[in-house]
Amino acid sequence: MSDQTHDSGNGSEREAVPGMPDGNTRRGFLRRSAGVVAATAGATSVAGALGGVAGSALAATGDSVFPGNAAWDAAVAKYAAGNTLKIGWTPTQGEDFFTAIEHGAFAQLTEYAELFGLKYTWDTFIPTGFSAVENQISTVQAWVQKGLNAIMICTAADYATTQSVFKAAQAKGTNIYEVNMFAELYPTGSINCVSAIGYDNNTQAGYLAGEYLKKTLNNKGRIYLVWGSAGNWATSRLAGLKASLKGSGIEIVGFQRGNYVEDQGLAAALSLLRHDSNVNGIYAENSEMGVGVSLAVKQLGLKPWNGTSGIVTITSNGKLSDYQNIQNGTLTAVVNCNPVEQGRQSIIAMLYHQILGYTPAAVINVPTKVIDKTNYTEPLAYYKWAYTYPLTGGN
Amino acid sequence: MGVASPGFTSLNGWYFMVNESVFIILIAVGMTVVLIVGGIDLSVGSGMAVAAALSGQLLLDGVPMALVFVIVLLVGVAVGLVNGLLITYVGIPDFIATLAMLTALRGVLLIWTQGNPVLGYVTHAYGVIGGSTKIAPYLTVPMLLTLAVAIAGSVLLRYTVLGRHIHAVGGDGDAAVLMGVRAKRVKIACYVISGVLAALSGILLAGYLSQVSPGTTASGYELMAVAAAVLGGASLSGGRGSVFGACLGAIALTVITNLLSWWNVNPNWSDVLVGVLILLAALLQRAGVIVATRGGQTKRPRLADPQPVTRAPQSV
């Protein structure tokens, strides 16, 4: 099955979406999302298209694909009528990775509003910092009191605390959707949410970075790690990296914390490199620290990777700044953790669960990929497309 | 390996550590002034972030660099002024007022930028100003500016009327008022100084980093500034502190982190060590005060040239 199959006989094409490649319409976009469900279920012909990852949540549920015709639109619209999705969104901190998730969510909400007349409201709470978790928890509790029926959350709060708060919220009718968390570290049954939408930090971030380093450095070399604050993400990615490098010729020869921010990433990398600049690569666990690492390489007059020699700098996130830095040669590669897709998948799960009454998969992982100078145009275009959907308070 | 190894103690090693310290030194100088007057300014980290983002955005908008810096410094003045007015005239405790400002400024920044980083504003000239490019061997513009600020701060505190008033208000506010010191104005001036230095540090940091992330840039700097000032001998109960000490405190924080990295010690120990050092500094201060009290000495700060304040006592 392919999305061409779905194109035929549809007859309900809508206006083109700004920023989308020529010939794409919102209807076509939605169908491509569905097309991947089919691809995941057996066929592979449509994977990799612009919307080629969008249906993975549905695939994970085992649900049928979007029919993609006017009859189905009308049927869903009947469910949507009279229902308002009252959504709250709270990320760990204010940074563009989370803004990209938000734009992805709005892209999908806009699509659904147009196709099904879906009504929604949108509340956002951004804590002052990564560690300001108490404010997030109290905000979730306030949103439950306010009557929100869906909360998307990414938090660094203690796991047991959050799960008890989530459990209480769901008991009062506020569904929780964990976004960009670390579901891989806990038994699926212990997570008190409708779905945990994200990626596997171990196998889909740390491991991929290790594979890239091995491939780029011909399985031989010395690397430094500039890591974030101790916690679940850091633990999981490190485990993935080590699993990949085990038995290889790549040796981790230094480790410093940059606590997920630029200046501390810079300080950590300067400290490591001044000690010994005879290294072949540096893995900064997130983009902000990656910026610091790149600056350290520049400040010390070291040579960034040019395809054959120099220091490979790799990070994880997949943000606009990463692609710009790859473009200008200051960053070698980034694991695209697909923030836009995480936002879209969250809304898809919400539609299925809250409007249509389906049970989505407990864990919905979006596809990830290492991006470098050879392939950055595709994720960059997707990122920019999502940003054409403005953030609003609802419709 | 170790502190004695050439890489760490070389001129080049010190250059990097000092260049890394200047952003903290600048706000630590402001923090010292505020601590001496008996207050605390927790808004400096957010003030730096706003200044950094504003600098970058105004440059992207084509505003001439000199004008950008003037505007941003004026924003620093405004932040300090609001802090000072809230504390002195509205009566909000220093800790609460500046904590509220910390949160509010970061919030405004996040709303304004929608969480997106400010990128692509750095020119070669701004890189030089920010210290990512040297102007001479082992010398950057922020180093020179920081040296100038440190000298000016020392002169202000030791040799000017305002400096004596700052010590007097911080040492015993009621007595200072009885002696004719306009304590509220003095306190406001201290917060303005802190706000301006935070803005200056933010301007430089934006040039140094080449990217400003609204949620994370300069996050937690306020605590590092307090730590540097306390390590440098400033008293949290007011009346005592030194700009020179704050500079050394900030550099010490950087050296500790670098040293532990040099020794390949688990980086979490860096936080532990800094915490222990702050506690030790506080205990030493306390012990010093106790000794002074037992010896019948005053705990007033030592001023270079003790003189009576210049205003006549107000009538009561």
# chains A, B, ... in the order shown; residues from 1 in each chain; ligands from 1
call {"tool": "closest_atom_pairs", "arguments": {"of": "chain B", "to": "chain A", "cutoff": "9 Å", "atoms": "only C-alpha atoms", "output": "JSON lines"}}
result
{"residue": "B:Gly7", "atom": "CA", "partner": "A:His275", "partner_atom": "CA", "distance": 6.5}
{"residue": "B:Phe8", "atom": "CA", "partner": "A:His275", "partner_atom": "CA", "distance": 7.4}
{"residue": "B:Gly13", "atom": "CA", "partner": "A:Arg274", "partner_atom": "CA", "distance": 7.5}
{"residue": "B:Phe16", "atom": "CA", "partner": "A:Leu270", "partner_atom": "CA", "distance": 8.0}
{"residue": "B:Met17", "atom": "CA", "partner": "A:Ser271", "partner_atom": "CA", "distance": 8.8}
{"residue": "B:Glu20", "atom": "CA", "partner": "A:Ala267", "partner_atom": "CA", "distance": 7.2}
{"residue": "B:Leu102", "atom": "CA", "partner": "A:Thr128", "partner_atom": "CA", "distance": 8.8}
{"residue": "B:Thr103", "atom": "CA", "partner": "A:Thr128", "partner_atom": "CA", "distance": 6.5}
{"residue": "B:Arg106", "atom": "CA", "partner": "A:Thr128", "partner_atom": "CA", "distance": 6.6}
{"residue": "B:Gly107", "atom": "CA", "partner": "A:Thr128", "partner_atom": "CA", "distance": 7.3}
{"residue": "B:Leu110", "atom": "CA", "partner": "A:Gly94", "partner_atom": "CA", "distance": 6.3}
{"residue": "B:Gln114", "atom": "CA", "partner": "A:Thr99", "partner_atom": "CA", "distance": 7.0}
{"residue": "B:Gly115", "atom": "CA", "partner": "A:Glu95", "partner_atom": "CA", "distance": 4.6}
{"residue": "B:Asn116", "atom": "CA", "partner": "A:Asp96", "partner_atom": "CA", "distance": 4.5}
{"residue": "B:Pro117", "atom": "CA", "partner": "A:Asp96", "partner_atom": "CA", "distance": 6.5}
{"residue": "B:Leu119", "atom": "CA", "partner": "A:Ser321", "partner_atom": "CA", "distance": 7.6}
{"residue": "B:Ser132", "atom": "CA", "partner": "A:Gln299", "partner_atom": "CA", "distance": 6.5}
{"residue": "B:Thr133", "atom": "CA", "partner": "A:Gln299", "partner_atom": "CA", "distance": 7.4}
{"residue": "B:Leu205", "atom": "CA", "partner": "A:Asp263", "partner_atom": "CA", "distance": 8.7}
{"residue": "B:Tyr208", "atom": "CA", "partner": "A:Leu295", "partner_atom": "CA", "distance": 8.8}
{"residue": "B:Leu209", "atom": "CA", "partner": "A:Asp263", "partner_atom": "CA", "distance": 7.0}
{"residue": "B:Ser210", "atom": "CA", "partner": "A:Leu295", "partner_atom": "CA", "distance": 8.5}
{"residue": "B:Gln211", "atom": "CA", "partner": "A:Val291", "partner_atom": "CA", "distance": 8.0}
{"residue": "B:Val212", "atom": "CA", "partner": "A:Glu262", "partner_atom": "CA", "distance": 8.5}
{"residue": "B:Ser213", "atom": "CA", "partner": "A:Glu95", "partner_atom": "CA", "distance": 6.5}
{"residue": "B:Pro214", "atom": "CA", "partner": "A:Gly94", "partner_atom": "CA", "distance": 6.7}
{"residue": "B:Gly215", "atom": "CA", "partner": "A:Gly94", "partner_atom": "CA", "distance": 4.3}
{"residue": "B:Thr216", "atom": "CA", "partner": "A:Val261", "partner_atom": "CA", "distance": 5.8}
{"residue": "B:Thr217", "atom": "CA", "partner": "A:Val261", "partner_atom": "CA", "distance": 6.7}
{"residue": "B:Ala218", "atom": "CA", "partner": "A:Asp263", "partner_atom": "CA", "distance": 7.7}
{"residue": "B:Ser219", "atom": "CA", "partner": "A:Gly129", "partner_atom": "CA", "distance": 7.4}
{"residue": "B:Gly220", "atom": "CA", "partner": "A:Gly129", "partner_atom": "CA", "distance": 8.9}
{"residue": "B:Thr254", "atom": "CA", "partner": "A:Ala267", "partner_atom": "CA", "distance": 8.9}
{"residue": "B:Thr257", "atom": "CA", "partner": "A:Ser271", "partner_atom": "CA", "distance": 8.5}
{"residue": "B:Asn258", "atom": "CA", "partner": "A:Ser271", "partner_atom": "CA", "distance": 5.7}
{"residue": "B:Leu259", "atom": "CA", "partner": "A:Ser271", "partner_atom": "CA", "distance": 8.6}
{"residue": "B:Ser261", "atom": "CA", "partner": "A:Ser271", "partner_atom": "CA", "distance": 6.5}
{"residue": "B:Trp262", "atom": "CA", "partner": "A:His275", "partner_atom": "CA", "distance": 6.3}
{"residue": "B:Asn264", "atom": "CA", "partner": "A:Gly254", "partner_atom": "CA", "distance": 7.2}
{"residue": "B:Asn266", "atom": "CA", "partner": "A:Gln256", "partner_atom": "CA", "distance": 7.7}
{"residue": "B:Pro267", "atom": "CA", "partner": "A:Gln256", "partner_atom": "CA", "distance": 5.9}
{"residue": "B:Asn268", "atom": "CA", "partner": "A:Arg257", "partner_atom": "CA", "distance": 8.0}
call {"tool": "residues_around", "arguments": {"residues": "segment 75-91 of chain B", "least_positions_apart": "6", "cutoff": "10 Å", "atoms": "only C-alpha atoms", "output": "PyMOL selection string"}}
result
chain B and resi 39+41+43-44+47-48+50-51+54+69+97-101+105+183-200+202
call {"tool": "residues_around", "arguments": {"residues": "Pro379 of chain A", "least_positions_apart": "5", "cutoff": "9 Å", "atoms": "only C-alpha atoms", "output": "PDB file with N, CA, C and O atoms, in the first residue's frame"}}
result
ATOM      1  N   LEU A  50       8.171  13.518   3.460  1.00  0.00           N
ATOM      2  CA  LEU A  50       8.050  14.593   4.452  1.00  0.00           C
ATOM      3  C   LEU A  50       7.236  14.150   5.652  1.00  0.00           C
ATOM      4  O   LEU A  50       7.622  14.321   6.789  1.00  0.00           O
ATOM      5  N   GLY A 318      18.637  18.108  17.483  1.00  0.00           N
ATOM      6  CA  GLY A 318      18.032  18.289  16.163  1.00  0.00           C
ATOM      7  C   GLY A 318      17.206  19.551  16.131  1.00  0.00           C
ATOM      8  O   GLY A 318      15.983  19.499  16.038  1.00  0.00           O
ATOM      9  N   LYS A 319      17.907  20.683  16.213  1.00  0.00           N
ATOM     10  CA  LYS A 319      17.225  21.971  16.238  1.00  0.00           C
ATOM     11  C   LYS A 319      17.729  22.824  15.088  1.00  0.00           C
ATOM     12  O   LYS A 319      18.734  22.509  14.453  1.00  0.00           O
ATOM     13  N   TYR A 323      21.331  22.608  12.681  1.00  0.00           N
ATOM     14  CA  TYR A 323      21.448  22.508  11.224  1.00  0.00           C
ATOM     15  C   TYR A 323      22.236  23.686  10.660  1.00  0.00           C
ATOM     16  O   TYR A 323      22.994  23.547   9.702  1.00  0.00           O
ATOM     17  N   ASN A 336      19.179  13.737  15.264  1.00  0.00           N
ATOM     18  CA  ASN A 336      17.898  14.426  15.183  1.00  0.00           C
ATOM     19  C   ASN A 336      16.871  13.654  16.007  1.00  0.00           C
ATOM     20  O   ASN A 336      16.394  12.599  15.587  1.00  0.00           O
ATOM     21  N   ASN A 338      14.020  14.603  16.538  1.00  0.00           N
ATOM     22  CA  ASN A 338      12.749  14.822  15.865  1.00  0.00           C
ATOM     23  C   ASN A 338      11.692  15.519  16.723  1.00  0.00           C
ATOM     24  O   ASN A 338      10.577  15.009  16.905  1.00  0.00           O
ATOM     25  N   ILE A 371      22.298  13.406  11.604  1.00  0.00           N
ATOM     26  CA  ILE A 371      22.299  14.372  10.508  1.00  0.00           C
ATOM     27  C   ILE A 371      23.671  15.034  10.444  1.00  0.00           C
ATOM     28  O   ILE A 371      24.210  15.463  11.465  1.00  0.00           O
ATOM     29  N   LYS A 384      11.448  23.953   9.416  1.00  0.00           N
ATOM     30  CA  LYS A 384      10.953  25.269   8.978  1.00  0.00           C
ATOM     31  C   LYS A 384       9.472  25.214   8.629  1.00  0.00           C
ATOM     32  O   LYS A 384       8.730  26.165   8.859  1.00  0.00           O
TER      33      LYS A 384
END
call {"tool": "atom_distance", "arguments": {"atom1": "atom CA of Pro360 of chain A", "atom2": "atom CA of Ser195 of chain A"}}
result
6.7 Å
call {"tool": "closest_residue", "arguments": {"among": "A:Gly301, A:Gly307, A:Leu241, A:Lys119", "to": "Thr374 of chain A", "atoms": "only C-alpha atoms"}}
result
A:Gly307
call {"tool": "residues_around", "arguments": {"residues": "Met152 of chain A", "least_positions_apart": "6", "cutoff": "9 Å", "atoms": "only C-alpha atoms", "output": "PyMOL selection string"}}
result
chain A and resi 87-91+175-179+346
call {"tool": "write_last_selection", "arguments": {"atoms": "N, CA, C and O atoms", "output": "mmCIF file, in the first residue's frame"}}
result
data_model
loop_
_atom_site.group_PDB
_atom_site.id
_atom_site.type_symbol
_atom_site.label_atom_id
_atom_site.label_comp_id
_atom_site.auth_asym_id
_atom_site.auth_seq_id
_atom_site.Cartn_x
_atom_site.Cartn_y
_atom_site.Cartn_z
ATOM 1 N N ILE A 87 -5.719 21.620 26.262
ATOM 2 C CA ILE A 87 -4.374 21.049 26.370
ATOM 3 C C ILE A 87 -3.449 21.958 27.176
ATOM 4 O O ILE A 87 -3.438 23.182 26.995
ATOM 5 N N GLY A 88 -2.674 21.352 28.050
ATOM 6 C CA GLY A 88 -1.611 22.073 28.740
ATOM 7 C C GLY A 88 -0.269 21.517 28.303
ATOM 8 O O GLY A 88 -0.137 20.319 28.064
ATOM 9 N N TRP A 89 0.729 22.383 28.206
ATOM 10 C CA TRP A 89 2.064 21.946 27.752
ATOM 11 C C TRP A 89 3.116 22.550 28.653
ATOM 12 O O TRP A 89 3.192 23.763 28.823
ATOM 13 N N THR A 90 3.911 21.690 29.276
ATOM 14 C CA THR A 90 4.986 22.192 30.123
ATOM 15 C C THR A 90 6.277 21.407 29.896
ATOM 16 O O THR A 90 6.375 20.233 30.241
ATOM 17 N N PRO A 91 7.258 22.058 29.286
ATOM 18 C CA PRO A 91 8.560 21.415 29.063
ATOM 19 C C PRO A 91 9.479 21.652 30.262
ATOM 20 O O PRO A 91 9.123 22.396 31.180
ATOM 21 N N ASN A 175 -5.899 13.617 31.175
ATOM 22 C CA ASN A 175 -4.975 12.627 30.618
ATOM 23 C C ASN A 175 -3.571 13.199 30.456
ATOM 24 O O ASN A 175 -3.396 14.344 30.044
ATOM 25 N N ILE A 176 -2.603 12.383 30.780
ATOM 26 C CA ILE A 176 -1.204 12.809 30.705
ATOM 27 C C ILE A 176 -0.533 12.180 29.483
ATOM 28 O O ILE A 176 -0.708 10.979 29.215
ATOM 29 N N TYR A 177 0.200 13.001 28.777
ATOM 30 C CA TYR A 177 1.020 12.528 27.655
ATOM 31 C C TYR A 177 2.449 12.961 27.947
ATOM 32 O O TYR A 177 2.758 14.155 27.902
ATOM 33 N N GLU A 178 3.290 12.010 28.294
ATOM 34 C CA GLU A 178 4.703 12.339 28.502
ATOM 35 C C GLU A 178 5.337 12.571 27.134
ATOM 36 O O GLU A 178 5.098 11.813 26.188
ATOM 37 N N VAL A 179 6.147 13.603 27.057
ATOM 38 C CA VAL A 179 6.781 13.930 25.779
ATOM 39 C C VAL A 179 8.290 14.070 25.997
ATOM 40 O O VAL A 179 8.723 14.714 26.953
ATOM 41 N N SER A 346 2.032 13.570 19.472
ATOM 42 C CA SER A 346 1.272 13.786 20.701
ATOM 43 C C SER A 346 -0.177 14.124 20.370
ATOM 44 O O SER A 346 -1.114 13.618 21.009
#
call {"tool": "residues_around", "arguments": {"residues": "Ala168 of chain A", "least_positions_apart": "2", "cutoff": "12 Å", "atoms": "only C-alpha atoms", "output": "list in words"}}
result
Ile137, Val140, Gln141, Val144, Gln145, Thr161, Thr162, Gln163, Ser164, Val165, Phe166, Gln170, Ala171, Lys172, Gly173, Thr174, Asn175, Ile176, Asn192 and Cys193 of chain A
call {"tool": "write_last_selection", "arguments": {"atoms": "N, CA, C and O atoms", "output": "PDB file, in the first residue's frame"}}
result
ATOM      1  N   ILE A 137       5.131  20.664  38.732  1.00  0.00           N
ATOM      2  CA  ILE A 137       4.191  19.765  39.405  1.00  0.00           C
ATOM      3  C   ILE A 137       2.968  20.543  39.899  1.00  0.00           C
ATOM      4  O   ILE A 137       1.825  20.112  39.720  1.00  0.00           O
ATOM      5  N   VAL A 140       0.744  21.352  36.992  1.00  0.00           N
ATOM      6  CA  VAL A 140      -0.074  20.214  36.571  1.00  0.00           C
ATOM      7  C   VAL A 140      -1.298  20.088  37.485  1.00  0.00           C
ATOM      8  O   VAL A 140      -2.432  19.909  37.021  1.00  0.00           O
ATOM      9  N   GLN A 141      -1.051  20.235  38.768  1.00  0.00           N
ATOM     10  CA  GLN A 141      -2.176  20.131  39.707  1.00  0.00           C
ATOM     11  C   GLN A 141      -3.184  21.253  39.489  1.00  0.00           C
ATOM     12  O   GLN A 141      -4.392  21.044  39.563  1.00  0.00           O
ATOM     13  N   VAL A 144      -5.258  20.473  36.451  1.00  0.00           N
ATOM     14  CA  VAL A 144      -6.285  19.463  36.746  1.00  0.00           C
ATOM     15  C   VAL A 144      -7.496  20.159  37.354  1.00  0.00           C
ATOM     16  O   VAL A 144      -8.651  19.907  36.968  1.00  0.00           O
ATOM     17  N   GLN A 145      -7.248  21.064  38.286  1.00  0.00           N
ATOM     18  CA  GLN A 145      -8.344  21.816  38.909  1.00  0.00           C
ATOM     19  C   GLN A 145      -9.075  22.672  37.877  1.00  0.00           C
ATOM     20  O   GLN A 145     -10.288  22.859  37.938  1.00  0.00           O
ATOM     21  N   THR A 161       7.608  10.788  42.172  1.00  0.00           N
ATOM     22  CA  THR A 161       6.716  11.916  42.461  1.00  0.00           C
ATOM     23  C   THR A 161       5.813  12.203  41.273  1.00  0.00           C
ATOM     24  O   THR A 161       4.593  12.354  41.419  1.00  0.00           O
ATOM     25  N   THR A 162       6.431  12.272  40.104  1.00  0.00           N
ATOM     26  CA  THR A 162       5.630  12.606  38.923  1.00  0.00           C
ATOM     27  C   THR A 162       4.572  11.541  38.669  1.00  0.00           C
ATOM     28  O   THR A 162       3.436  11.863  38.342  1.00  0.00           O
ATOM     29  N   GLN A 163       4.953  10.294  38.860  1.00  0.00           N
ATOM     30  CA  GLN A 163       3.986   9.237  38.553  1.00  0.00           C
ATOM     31  C   GLN A 163       2.784   9.300  39.496  1.00  0.00           C
ATOM     32  O   GLN A 163       1.652   9.057  39.077  1.00  0.00           O
ATOM     33  N   SER A 164       3.011   9.648  40.744  1.00  0.00           N
ATOM     34  CA  SER A 164       1.866   9.751  41.655  1.00  0.00           C
ATOM     35  C   SER A 164       0.999  10.953  41.289  1.00  0.00           C
ATOM     36  O   SER A 164      -0.238  10.886  41.354  1.00  0.00           O
ATOM     37  N   VAL A 165       1.642  12.042  40.867  1.00  0.00           N
ATOM     38  CA  VAL A 165       0.867  13.217  40.442  1.00  0.00           C
ATOM     39  C   VAL A 165       0.087  12.896  39.167  1.00  0.00           C
ATOM     40  O   VAL A 165      -1.090  13.251  39.022  1.00  0.00           O
ATOM     41  N   PHE A 166       0.745  12.184  38.245  1.00  0.00           N
ATOM     42  CA  PHE A 166       0.079  11.833  36.984  1.00  0.00           C
ATOM     43  C   PHE A 166      -1.111  10.904  37.250  1.00  0.00           C
ATOM     44  O   PHE A 166      -2.167  11.034  36.629  1.00  0.00           O
ATOM     45  N   GLN A 170      -4.931  11.704  36.216  1.00  0.00           N
ATOM     46  CA  GLN A 170      -5.728  10.863  35.311  1.00  0.00           C
ATOM     47  C   GLN A 170      -6.997  10.370  35.999  1.00  0.00           C
ATOM     48  O   GLN A 170      -8.037  10.220  35.352  1.00  0.00           O
ATOM     49  N   ALA A 171      -6.903  10.167  37.310  1.00  0.00           N
ATOM     50  CA  ALA A 171      -8.099   9.749  38.044  1.00  0.00           C
ATOM     51  C   ALA A 171      -9.168  10.838  38.021  1.00  0.00           C
ATOM     52  O   ALA A 171     -10.364  10.554  38.126  1.00  0.00           O
ATOM     53  N   LYS A 172      -8.725  12.082  37.859  1.00  0.00           N
ATOM     54  CA  LYS A 172      -9.679  13.203  37.805  1.00  0.00           C
ATOM     55  C   LYS A 172     -10.028  13.587  36.372  1.00  0.00           C
ATOM     56  O   LYS A 172     -10.627  14.635  36.132  1.00  0.00           O
ATOM     57  N   GLY A 173      -9.611  12.766  35.429  1.00  0.00           N
ATOM     58  CA  GLY A 173     -10.037  12.993  34.050  1.00  0.00           C
ATOM     59  C   GLY A 173      -9.093  13.819  33.208  1.00  0.00           C
ATOM     60  O   GLY A 173      -9.422  14.205  32.085  1.00  0.00           O
ATOM     61  N   THR A 174      -7.932  14.133  33.738  1.00  0.00           N
ATOM     62  CA  THR A 174      -6.935  14.863  32.947  1.00  0.00           C
ATOM     63  C   THR A 174      -5.891  13.871  32.458  1.00  0.00           C
ATOM     64  O   THR A 174      -5.111  13.334  33.247  1.00  0.00           O
ATOM     65  N   ASN A 175      -5.899  13.617  31.175  1.00  0.00           N
ATOM     66  CA  ASN A 175      -4.975  12.627  30.618  1.00  0.00           C
ATOM     67  C   ASN A 175      -3.571  13.199  30.456  1.00  0.00           C
ATOM     68  O   ASN A 175      -3.396  14.344  30.044  1.00  0.00           O
ATOM     69  N   ILE A 176      -2.603  12.383  30.780  1.00  0.00           N
ATOM     70  CA  ILE A 176      -1.204  12.809  30.705  1.00  0.00           C
ATOM     71  C   ILE A 176      -0.533  12.180  29.483  1.00  0.00           C
ATOM     72  O   ILE A 176      -0.708  10.979  29.215  1.00  0.00           O
ATOM     73  N   ASN A 192       2.328   6.222  34.356  1.00  0.00           N
ATOM     74  CA  ASN A 192       0.930   6.646  34.475  1.00  0.00           C
ATOM     75  C   ASN A 192       0.598   7.722  33.463  1.00  0.00           C
ATOM     76  O   ASN A 192       0.459   8.896  33.796  1.00  0.00           O
ATOM     77  N   CYS A 193       0.504   7.319  32.233  1.00  0.00           N
ATOM     78  CA  CYS A 193       0.094   8.270  31.208  1.00  0.00           C
ATOM     79  C   CYS A 193      -0.582   7.501  30.080  1.00  0.00           C
ATOM     80  O   CYS A 193      -0.496   6.276  30.014  1.00  0.00           O
TER      81      CYS A 193
END
call {"tool": "residues_around", "arguments": {"residues": "Gly170 of chain B", "least_positions_apart": "3", "cutoff": "10 Å", "atoms": "only C-alpha atoms", "output": "VMD selection string"}}
result
chain B and resid 33 to 39 164 to 167 173 to 174 176 183 186 to 187 235 to 240 300 to 301
call {"tool": "select_by_dssp", "arguments": {"residues": "segment 135-354 of chain A", "states": "strand (DSSP E or B)", "output": "MDAnalysis selection string"}}
result
chainID A and resid 150:153 175:179 195:198 220:227 249:257 281:284 304 311:317 333:336
call {"tool": "select_by_dssp", "arguments": {"residues": "segment 144-277 of chain B", "states": "helix (DSSP H, G or I)", "output": "JSON, numbers by chain"}}
result
{"B": [144, 145, 146, 147, 148, 149, 150, 151, 152, 153, 154, 155, 156, 157, 158, 159, 161, 162, 163, 164, 165, 166, 167, 168, 169, 170, 171, 173, 174, 175, 176, 177, 178, 183, 184, 185, 186, 187, 188, 189, 190, 191, 192, 193, 194, 195, 196, 197, 198, 199, 200, 201, 202, 203, 204, 205, 206, 207, 208, 209, 221, 222, 223, 224, 225, 226, 227, 228, 229, 230, 231, 243, 244, 245, 246, 247, 248, 249, 250, 251, 252, 253, 254, 255, 256, 257, 258, 259, 260, 261, 262, 268, 269, 270, 271, 272, 273, 274, 275, 276, 277]}
call {"tool": "decode", "arguments": {"residues": "segment 242-285 of chain A", "atoms": "C-alpha atoms", "output": "compact mmCIF listing (two decimals), in the first residue's frame"}}
result
# COMPACT_ATOMS: atom_id res chain seq x y z
CA LYS A 242 28.90 2.81 25.64
CA ALA A 243 26.95 -0.09 24.15
CA SER A 244 27.85 1.11 20.70
CA LEU A 245 31.51 1.70 21.48
CA LYS A 246 32.01 -1.53 23.38
CA GLY A 247 34.76 -3.56 21.77
CA SER A 248 35.53 -0.82 19.28
CA GLY A 249 38.72 1.14 18.88
CA ILE A 250 37.07 4.31 20.16
CA GLU A 251 38.13 5.19 23.68
CA ILE A 252 36.41 7.68 26.02
CA VAL A 253 39.35 9.55 27.55
CA GLY A 254 37.63 12.42 29.35
CA PHE A 255 34.26 13.35 30.81
CA GLN A 256 32.98 16.69 32.08
CA ARG A 257 29.57 18.07 32.89
CA GLY A 258 28.27 21.07 30.94
CA ASN A 259 24.84 20.88 32.60
CA TYR A 260 23.00 21.36 29.30
CA VAL A 261 24.03 25.03 28.81
CA GLU A 262 26.41 26.74 26.37
CA ASP A 263 28.83 28.48 28.68
CA GLN A 264 29.29 25.47 30.93
CA GLY A 265 29.69 23.28 27.85
CA LEU A 266 32.34 25.70 26.64
CA ALA A 267 34.09 25.71 30.01
CA ALA A 268 34.01 21.92 30.18
CA ALA A 269 35.38 21.50 26.67
CA LEU A 270 38.08 24.13 27.20
CA SER A 271 39.14 22.39 30.36
CA LEU A 272 39.34 19.00 28.67
CA LEU A 273 41.02 20.20 25.52
CA ARG A 274 43.61 22.30 27.33
CA HIS A 275 44.53 19.22 29.28
CA ASP A 276 44.98 17.18 26.15
CA SER A 277 43.89 18.30 22.71
CA ASN A 278 44.98 15.04 21.10
CA VAL A 279 41.44 13.77 20.61
CA ASN A 280 39.42 12.85 17.57
CA GLY A 281 35.91 13.57 18.71
CA ILE A 282 33.69 15.18 21.31
CA TYR A 283 30.11 14.15 22.02
CA ALA A 284 28.12 16.91 23.69
CA GLU A 285 24.90 15.48 25.02
